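Just model39.cif here, mmCIF, C-alpha atoms:
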```cif
data_query
loop_
_atom_site.label_atom_id
_atom_site.label_comp_id
_atom_site.auth_asym_id
_atom_site.auth_seq_id
_atom_site.Cartn_x
_atom_site.Cartn_y
_atom_site.Cartn_z
CA MET A 1 2.57 -25.22 -41.24
CA LYS A 2 3.34 -23.52 -37.94
CA CYS A 3 0.79 -23.55 -35.13
CA ILE A 4 0.51 -22.48 -31.49
CA ILE A 5 -1.10 -24.86 -29.02
CA ASP A 6 -2.12 -24.25 -25.40
CA ARG A 7 -2.25 -26.54 -22.41
CA ARG A 8 -4.11 -25.67 -19.22
CA ALA A 9 -3.01 -26.85 -15.79
CA GLN A 10 -3.71 -25.82 -12.22
CA PHE A 11 -2.31 -26.03 -8.73
CA SER A 12 -3.25 -24.80 -5.27
CA ALA A 13 -0.56 -23.19 -3.16
CA SER A 14 0.11 -20.60 -0.50
CA HIS A 15 2.67 -17.83 -0.26
CA ARG A 16 3.68 -14.88 1.86
CA TYR A 17 5.18 -11.54 0.92
CA TRP A 18 7.89 -10.99 3.53
CA LEU A 19 11.47 -9.74 3.25
CA PRO A 20 13.63 -10.60 6.28
CA GLU A 21 15.82 -7.54 5.70
CA LEU A 22 12.81 -5.31 6.43
CA SER A 23 11.21 -4.71 9.81
CA GLU A 24 7.71 -5.97 10.56
CA ALA A 25 6.35 -2.45 10.14
CA GLU A 26 8.16 -2.01 6.81
CA ASN A 27 6.87 -5.34 5.49
CA PHE A 28 3.27 -4.50 6.37
CA GLU A 29 3.63 -1.01 4.92
CA ARG A 30 4.96 -2.47 1.67
CA PHE A 31 2.86 -5.63 1.27
CA GLY A 32 -0.23 -5.00 3.38
CA ALA A 33 -2.27 -8.08 4.30
CA CYS A 34 -0.02 -10.25 2.09
CA ALA A 35 2.65 -9.97 4.81
CA ARG A 36 0.52 -11.77 7.38
CA SER A 37 1.88 -15.02 8.79
CA PRO A 38 1.67 -17.87 7.89
CA GLY A 39 0.60 -16.67 4.43
CA HIS A 40 -2.45 -17.03 2.20
CA GLY A 41 -3.39 -19.27 -0.72
CA HIS A 42 -4.74 -19.31 -4.27
CA ASN A 43 -6.07 -21.73 -6.82
CA TYR A 44 -3.65 -20.95 -9.62
CA VAL A 45 -4.58 -21.58 -13.26
CA LEU A 46 -1.70 -21.95 -15.72
CA TYR A 47 -1.74 -21.76 -19.52
CA VAL A 48 1.34 -22.92 -21.40
CA SER A 49 1.55 -21.90 -25.08
CA MET A 50 3.88 -23.79 -27.41
CA ALA A 51 4.73 -23.29 -31.08
CA GLY A 52 5.88 -25.71 -33.76
CA GLU A 53 5.28 -27.31 -37.12
CA LEU A 54 2.45 -29.76 -37.61
CA ASP A 55 3.68 -33.31 -37.88
CA GLU A 56 2.33 -36.10 -40.06
CA TYR A 57 -0.33 -36.82 -37.43
CA GLY A 58 -1.63 -33.25 -37.46
CA MET A 59 -0.08 -32.31 -34.10
CA VAL A 60 2.53 -29.85 -32.89
CA LEU A 61 3.14 -32.03 -29.84
CA ASN A 62 1.41 -34.97 -28.27
CA LEU A 63 -0.68 -33.31 -25.56
CA SER A 64 -0.43 -36.38 -23.34
CA ASP A 65 3.34 -35.92 -23.32
CA VAL A 66 2.93 -32.18 -22.68
CA LYS A 67 0.65 -32.91 -19.73
CA GLN A 68 3.22 -35.21 -18.17
CA VAL A 69 6.05 -32.68 -18.59
CA ILE A 70 4.02 -29.90 -16.95
CA LYS A 71 3.04 -32.24 -14.14
CA LYS A 72 6.59 -33.44 -13.53
CA GLU A 73 8.34 -30.07 -13.78
CA VAL A 74 5.70 -27.78 -12.27
CA THR A 75 2.37 -28.86 -10.83
CA SER A 76 3.51 -31.92 -8.86
CA GLN A 77 6.11 -29.72 -7.15
CA LEU A 78 3.88 -26.69 -6.51
CA ASP A 79 0.48 -28.22 -5.77
CA PHE A 80 -0.40 -27.92 -2.07
CA SER A 81 2.95 -26.27 -1.38
CA TYR A 82 4.18 -23.20 0.46
CA LEU A 83 5.70 -21.42 -2.52
CA ASN A 84 8.32 -19.48 -0.56
CA GLU A 85 9.98 -22.80 0.25
CA ALA A 86 8.96 -24.91 -2.77
CA TRP A 87 11.66 -23.75 -5.18
CA ALA A 88 15.11 -22.31 -4.56
CA GLU A 89 14.30 -19.35 -6.84
CA PHE A 90 11.78 -18.09 -4.30
CA GLN A 91 14.45 -17.78 -1.64
CA GLU A 92 15.82 -14.86 -3.67
CA THR A 93 12.66 -13.52 -5.30
CA LEU A 94 9.23 -13.40 -3.68
CA PRO A 95 6.69 -15.72 -5.36
CA THR A 96 4.50 -13.04 -6.91
CA THR A 97 2.30 -13.96 -9.86
CA GLU A 98 4.73 -12.49 -12.38
CA ALA A 99 7.78 -14.08 -10.72
CA ILE A 100 6.09 -17.49 -10.63
CA ALA A 101 5.21 -17.19 -14.33
CA ARG A 102 8.83 -16.40 -15.22
CA THR A 103 10.16 -19.26 -13.09
CA ILE A 104 7.71 -21.72 -14.66
CA TRP A 105 9.02 -20.64 -18.08
CA GLN A 106 12.57 -21.34 -16.95
CA ARG A 107 11.57 -24.77 -15.63
CA LEU A 108 9.65 -25.78 -18.76
CA SER A 109 11.66 -24.20 -21.59
CA PRO A 110 14.34 -26.96 -21.67
CA HIS A 111 11.56 -29.48 -22.32
CA LEU A 112 8.91 -27.67 -24.40
CA PRO A 113 8.94 -25.06 -27.22
CA ILE A 114 7.24 -22.40 -25.08
CA VAL A 115 6.24 -19.02 -26.48
CA HIS A 116 3.98 -17.74 -23.70
CA ILE A 117 3.17 -18.42 -20.05
CA GLN A 118 -0.03 -17.05 -18.55
CA LEU A 119 -0.70 -17.52 -14.85
CA PHE A 120 -3.93 -16.58 -13.08
CA GLU A 121 -3.60 -16.00 -9.35
CA HIS A 122 -7.36 -15.52 -9.33
CA PRO A 123 -9.87 -14.41 -11.99
CA GLU A 124 -9.10 -10.74 -11.38
CA LEU A 125 -5.29 -10.86 -11.43
CA TRP A 126 -2.94 -12.59 -13.85
CA ALA A 127 0.54 -12.35 -15.34
CA ASP A 128 1.91 -12.96 -18.83
CA TYR A 129 5.53 -13.83 -19.61
CA TYR A 130 7.08 -14.20 -23.07
CA GLY A 131 10.66 -15.15 -22.26
CA ASN A 132 12.05 -11.63 -22.50
CA ASN A 133 14.54 -11.62 -19.60
CA MET A 134 12.90 -9.83 -16.63
CA GLU A 135 10.06 -8.22 -18.59
CA ALA A 136 6.54 -9.34 -17.72
CA TYR A 137 2.95 -8.16 -17.89
CA LEU A 138 0.43 -7.93 -15.06
CA THR A 139 -3.32 -7.54 -15.59
CA LEU A 140 -5.82 -6.29 -13.05
CA SER A 141 -9.50 -6.90 -13.73
CA THR A 142 -12.25 -4.76 -12.21
CA HIS A 143 -15.67 -3.35 -13.06
CA PHE A 144 -17.94 -0.34 -12.85
CA SER A 145 -21.59 0.28 -13.66
CA ALA A 146 -22.59 3.31 -15.70
CA ALA A 147 -25.18 4.65 -18.13
CA HIS A 148 -24.58 6.43 -21.43
CA ARG A 149 -26.27 7.70 -24.53
CA LEU A 150 -24.67 7.46 -27.97
CA ALA A 151 -25.49 10.65 -29.83
CA ARG A 152 -23.52 13.49 -31.36
CA PRO A 153 -24.82 16.88 -30.18
CA ASP A 154 -24.34 18.39 -33.64
CA LEU A 155 -26.66 15.85 -35.31
CA SER A 156 -30.42 15.52 -35.32
CA TYR A 157 -32.19 12.85 -33.31
CA GLU A 158 -33.13 11.09 -36.54
CA LYS A 159 -29.53 11.06 -37.79
CA ASN A 160 -28.23 9.82 -34.43
CA CYS A 161 -30.78 7.00 -34.51
CA GLU A 162 -29.62 6.12 -38.00
CA ILE A 163 -26.02 5.88 -36.79
CA TYR A 164 -26.38 4.50 -33.25
CA GLY A 165 -29.77 2.76 -33.34
CA LYS A 166 -31.44 2.17 -29.96
CA CYS A 167 -28.37 3.57 -28.21
CA ALA A 168 -29.44 7.08 -29.30
CA ARG A 169 -32.66 7.04 -27.28
CA PRO A 170 -32.87 10.23 -25.16
CA ASN A 171 -32.71 8.72 -21.67
CA GLY A 172 -29.76 6.43 -22.33
CA HIS A 173 -29.11 2.90 -21.11
CA GLY A 174 -26.63 1.19 -18.81
CA HIS A 175 -23.91 -1.45 -18.66
CA ASN A 176 -21.90 -3.37 -16.12
CA TYR A 177 -18.52 -2.57 -17.66
CA HIS A 178 -15.71 -5.07 -17.17
CA LEU A 179 -12.28 -3.42 -17.28
CA GLU A 180 -8.87 -5.07 -17.70
CA VAL A 181 -5.78 -2.92 -17.20
CA THR A 182 -2.43 -4.42 -18.25
CA ILE A 183 0.90 -2.96 -17.20
CA LYS A 184 4.39 -3.87 -18.38
CA GLY A 185 7.72 -3.68 -16.61
CA ASP A 186 10.78 -5.51 -15.34
CA ILE A 187 10.38 -7.90 -12.43
CA ASP A 188 12.27 -6.65 -9.40
CA PRO A 189 14.77 -9.43 -8.55
CA ARG A 190 14.02 -9.14 -4.82
CA THR A 191 10.33 -8.30 -4.48
CA GLY A 192 9.29 -10.22 -7.60
CA MET A 193 7.03 -7.34 -8.61
CA ILE A 194 6.63 -5.21 -11.72
CA ALA A 195 5.08 -2.55 -9.52
CA ASP A 196 3.47 -2.23 -6.12
CA LEU A 197 0.18 -4.12 -6.53
CA VAL A 198 -1.57 -2.01 -3.87
CA ALA A 199 -0.52 1.17 -5.69
CA PHE A 200 -1.63 -0.31 -9.02
CA GLN A 201 -5.07 -1.14 -7.63
CA LYS A 202 -5.34 2.30 -6.02
CA ALA A 203 -4.51 4.07 -9.29
CA VAL A 204 -7.22 2.16 -11.16
CA ASP A 205 -9.73 2.77 -8.38
CA ASP A 206 -8.92 6.46 -7.89
CA TYR A 207 -8.75 7.49 -11.54
CA VAL A 208 -11.38 5.23 -13.10
CA VAL A 209 -13.60 3.05 -10.94
CA GLU A 210 -14.62 5.60 -8.31
CA PRO A 211 -15.20 8.51 -10.74
CA PHE A 212 -17.03 6.35 -13.32
CA ASP A 213 -19.08 4.00 -11.14
CA HIS A 214 -22.84 4.69 -10.97
CA THR A 215 -22.69 7.70 -13.28
CA PHE A 216 -24.40 8.87 -16.44
CA LEU A 217 -21.20 9.24 -18.42
CA ASN A 218 -22.47 11.94 -20.78
CA LYS A 219 -23.46 14.19 -17.88
CA ASP A 220 -21.18 13.26 -14.98
CA ILE A 221 -17.81 12.88 -16.74
CA PRO A 222 -16.76 16.22 -18.31
CA TYR A 223 -14.79 14.54 -21.11
CA PHE A 224 -17.97 13.02 -22.50
CA ALA A 225 -19.90 16.27 -22.68
CA GLU A 226 -18.67 16.57 -26.28
CA VAL A 227 -17.21 13.10 -26.93
CA VAL A 228 -19.63 10.25 -27.61
CA PRO A 229 -19.07 7.62 -24.88
CA THR A 230 -18.76 4.57 -27.10
CA ALA A 231 -16.81 1.67 -25.62
CA GLU A 232 -13.90 2.70 -27.84
CA ASN A 233 -13.90 6.31 -26.63
CA ILE A 234 -14.27 5.23 -23.00
CA ALA A 235 -11.24 2.94 -23.36
CA VAL A 236 -9.19 5.73 -24.96
CA HIS A 237 -10.11 8.10 -22.13
CA ILE A 238 -9.23 5.51 -19.47
CA ARG A 239 -5.86 5.07 -21.17
CA ALA A 240 -5.22 8.82 -20.96
CA LEU A 241 -6.25 8.88 -17.29
CA LEU A 242 -3.96 6.00 -16.29
CA GLU A 243 -0.76 6.43 -18.30
CA GLN A 244 0.88 8.92 -15.92
CA PRO A 245 -0.28 7.26 -12.67
CA ILE A 246 1.10 3.95 -13.91
CA ARG A 247 4.42 5.63 -14.76
CA ASP A 248 4.43 7.08 -11.24
CA ILE A 249 4.40 3.56 -9.73
CA GLY A 250 7.34 2.52 -11.90
CA ALA A 251 5.64 0.61 -14.72
CA GLN A 252 4.25 1.29 -18.18
CA LEU A 253 0.62 1.06 -19.17
CA HIS A 254 0.41 -1.58 -21.89
CA LYS A 255 -3.26 -2.18 -22.70
CA ILE A 256 -6.80 -1.27 -21.76
CA LYS A 257 -9.56 -3.78 -22.50
CA LEU A 258 -13.13 -2.69 -21.92
CA ILE A 259 -15.91 -5.25 -22.10
CA GLU A 260 -19.23 -3.45 -22.48
CA SER A 261 -21.30 -6.64 -22.65
CA PRO A 262 -20.69 -10.32 -23.40
CA ASN A 263 -21.06 -9.41 -27.09
CA ASN A 264 -19.01 -6.20 -27.28
CA SER A 265 -15.49 -5.33 -26.20
CA CYS A 266 -12.55 -3.25 -27.37
CA GLU A 267 -8.82 -2.93 -26.70
CA VAL A 268 -6.47 0.03 -26.93
CA TYR A 269 -2.72 -0.09 -26.39
CA SER A 270 -0.44 2.48 -24.80
CA THR A 271 0.23 5.62 -26.79
CA ALA A 272 3.95 4.75 -26.80
CA LEU A 273 3.21 1.39 -28.41
CA GLU A 274 0.80 2.95 -30.91
CA THR A 275 3.47 5.47 -31.90
CA ALA A 276 6.07 2.73 -32.38
CA VAL A 277 3.70 0.67 -34.54
CA THR A 278 2.80 3.74 -36.61
CA GLN A 279 6.44 4.62 -37.17
CA MET A 280 7.22 1.04 -38.17
CA SER A 281 4.34 1.09 -40.65
CA VAL A 282 5.61 4.31 -42.18
CA ARG A 283 9.15 2.95 -42.51
CA GLU A 284 8.10 -0.45 -43.84
CA PRO A 285 4.88 -0.22 -45.85
CA VAL A 286 3.20 -3.55 -46.52
CA THR A 287 2.54 -4.29 -50.18
CA ALA A 288 0.35 -6.91 -51.79
CA GLU A 289 3.35 -8.50 -53.48
CA ARG A 290 5.46 -8.99 -50.37
#
```

Step by step, read the file and then write its structure as structure tokens.
Amino acid sequence: MKCIIDRRAQFSASHRYWLPELSEAENFERFGACARSPGHGHNYVLYVSMAGELDEYGMVLNLSDVKQVIKKEVTSQLDFSYLNEAWAEFQETLPTTEAIARTIWQRLSPHLPIVHIQLFEHPELWADYYGNNMEAYLTLSTHFSAAHRLARPDLSYEKNCEIYGKCARPNGHGHNYHLEVTIKGDIDPRTGMIADLVAFQKAVDDYVVEPFDHTFLNKDIPYFAEVVPTAENIAVHIRALLEQPIRDIGAQLHKIKLIESPNNSCEVYSTALETAVTQMSVREPVTAER
């Protein structure tokens, strides 16, 4: 039986985004405050996912052994370090979250059957790497507060209450929405970035957070005048708003995750990915006998 196991580790380190071939003005224009000397630091949290068959003791790997490998190859070298000088790889590629995740994969893969590296720079920014050459994923987490009412205008109040329950009450209710936007792209071999992080944050703020925050969605967002603002429909609309701006910064929107409350969340993937999955399903239908 095959199984995936995860091991968590952490390290504290500093880094600076600075390219010597650029002028001081160009570095600050490109990297903002991250170009300041002597750098800034993070408490990084690392998750290493490994796959394998269960052995006679009910384990994929002995986690004590895994812990020691991660410590020897990664955390003992990076903890309390200046990342730009810690590893030779970061002389060529800036130690961005996505570049660090890829380099950790390269350091650990000779020793462990890795299938996924996830690295949190802080709780609102993390990278995922799956061993696919330069391709990586970067997720930005943010939030907005808004009210909504779940009711179809073509249905009676009684019918809406039957479908949506308390959420159909006339004056609506509110949520502190938690939004995660994941982009995909190739890591630039020099900057270490999938896309300009400042531009990524600005796109999310300009197209979603600022227009949506402190609104009554049904009344203040034109799209929801006729579309019921369920978490699912909000996520779909956010996807539509962000796909082109993310393309404009040189990446591809991969996933939108909207957490309406601790009990309710939904995820939608890029329209390109949805189309590919649909086409694959049409070409290769799944049967009960397969």

*Nearby residues (all atoms listed in the file) at most 8 Å from A:Glu73, same-chain spacing under 3 positions excluded, as a ChimeraX atom specification*: /A:69-70,76-77,107-108

_What's around A:Ala147 at 6 Å? Count only C-alpha atoms, leave out sequence neighbours fewer than 2 positions away in its own chain, and write the answer as a ChimeraX atom specification._
/A:173-174,216

Grab the residues selected above and save them as a short mmCIF file (atom, residue, chain, number, x, y, z; two decimals), in the frame of the given file with C-alpha atoms.
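Full text of result_19.cif as output:
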```
data_model
loop_
_atom_site.label_atom_id
_atom_site.label_comp_id
_atom_site.auth_asym_id
_atom_site.auth_seq_id
_atom_site.Cartn_x
_atom_site.Cartn_y
_atom_site.Cartn_z
CA HIS A 173 -29.11 2.90 -21.11
CA GLY A 174 -26.63 1.19 -18.81
CA PHE A 216 -24.40 8.87 -16.44
#
```

Shell of 9 Å around A:Tyr17, all atoms listed in the file, local chain residues under 5 positions omitted, as a PDB file with C-alpha atoms, keeping the file's coordinate frame:
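For reference, selection10.pdb as written:
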```
ATOM      1  CA  ASN A  27       6.870  -5.340   5.490  1.00  0.00           C
ATOM      2  CA  PHE A  31       2.860  -5.630   1.270  1.00  0.00           C
ATOM      3  CA  GLY A  32      -0.230  -5.000   3.380  1.00  0.00           C
ATOM      4  CA  ALA A  33      -2.270  -8.080   4.300  1.00  0.00           C
ATOM      5  CA  CYS A  34      -0.020 -10.250   2.090  1.00  0.00           C
ATOM      6  CA  ALA A  35       2.650  -9.970   4.810  1.00  0.00           C
ATOM      7  CA  ARG A  36       0.520 -11.770   7.380  1.00  0.00           C
ATOM      8  CA  GLY A  39       0.600 -16.670   4.430  1.00  0.00           C
ATOM      9  CA  ASN A  84       8.320 -19.480  -0.560  1.00  0.00           C
ATOM     10  CA  LEU A  94       9.230 -13.400  -3.680  1.00  0.00           C
ATOM     11  CA  PRO A  95       6.690 -15.720  -5.360  1.00  0.00           C
ATOM     12  CA  THR A  96       4.500 -13.040  -6.910  1.00  0.00           C
ATOM     13  CA  THR A 191      10.330  -8.300  -4.480  1.00  0.00           C
TER      14      THR A 191
END
```

Find the spatial neighbours of A:Gln106, counting all atoms listed in the file, within a cut-off of 12 Å - ignore same-chain residues fewer than 4 positions away - and output them as an mmCIF file with C-alpha atoms, keeping the file's coordinate frame.
```
data_model
loop_
_atom_site.group_PDB
_atom_site.id
_atom_site.type_symbol
_atom_site.label_atom_id
_atom_site.label_comp_id
_atom_site.auth_asym_id
_atom_site.auth_seq_id
_atom_site.Cartn_x
_atom_site.Cartn_y
_atom_site.Cartn_z
ATOM 1 C CA GLU A 73 8.340 -30.070 -13.780
ATOM 2 C CA VAL A 74 5.700 -27.780 -12.270
ATOM 3 C CA GLU A 89 14.300 -19.350 -6.840
ATOM 4 C CA ALA A 99 7.780 -14.080 -10.720
ATOM 5 C CA ILE A 100 6.090 -17.490 -10.630
ATOM 6 C CA ALA A 101 5.210 -17.190 -14.330
ATOM 7 C CA ARG A 102 8.830 -16.400 -15.220
ATOM 8 C CA PRO A 110 14.340 -26.960 -21.670
ATOM 9 C CA HIS A 111 11.560 -29.480 -22.320
ATOM 10 C CA LEU A 112 8.910 -27.670 -24.400
ATOM 11 C CA PRO A 113 8.940 -25.060 -27.220
ATOM 12 C CA ILE A 114 7.240 -22.400 -25.080
ATOM 13 C CA VAL A 115 6.240 -19.020 -26.480
ATOM 14 C CA HIS A 116 3.980 -17.740 -23.700
ATOM 15 C CA ILE A 117 3.170 -18.420 -20.050
ATOM 16 C CA TYR A 129 5.530 -13.830 -19.610
ATOM 17 C CA TYR A 130 7.080 -14.200 -23.070
ATOM 18 C CA GLY A 131 10.660 -15.150 -22.260
ATOM 19 C CA ASN A 132 12.050 -11.630 -22.500
ATOM 20 C CA ASN A 133 14.540 -11.620 -19.600
ATOM 21 C CA MET A 134 12.900 -9.830 -16.630
#
```

*Evaluate the PyMOL selection byres ((chain A and resi 253-263) around 7) here and jot the selected residues down as a ChimeraX atom specification.*
/A:175-184,231,235,239,243,246,251-252,264-270

*Take atom CA of A:Gln91 and atom CA of A:Asp188 and report the distance between them in Å, one decimal.*
13.7 Å

*Rank A:Ser141, A:Tyr47, A:Thr93, A:Glu26 by their smallest atom-to-atom distance to A:Trp105, using all atoms listed in the file, and report the top residue only.*
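Smallest distance to A:Trp105 is found for A:Tyr47.
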
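For the atom pair formed by atom CA of A:Leu61 and atom CA of A:Ala136, the distance is 25.9 Å, given to one decimal.
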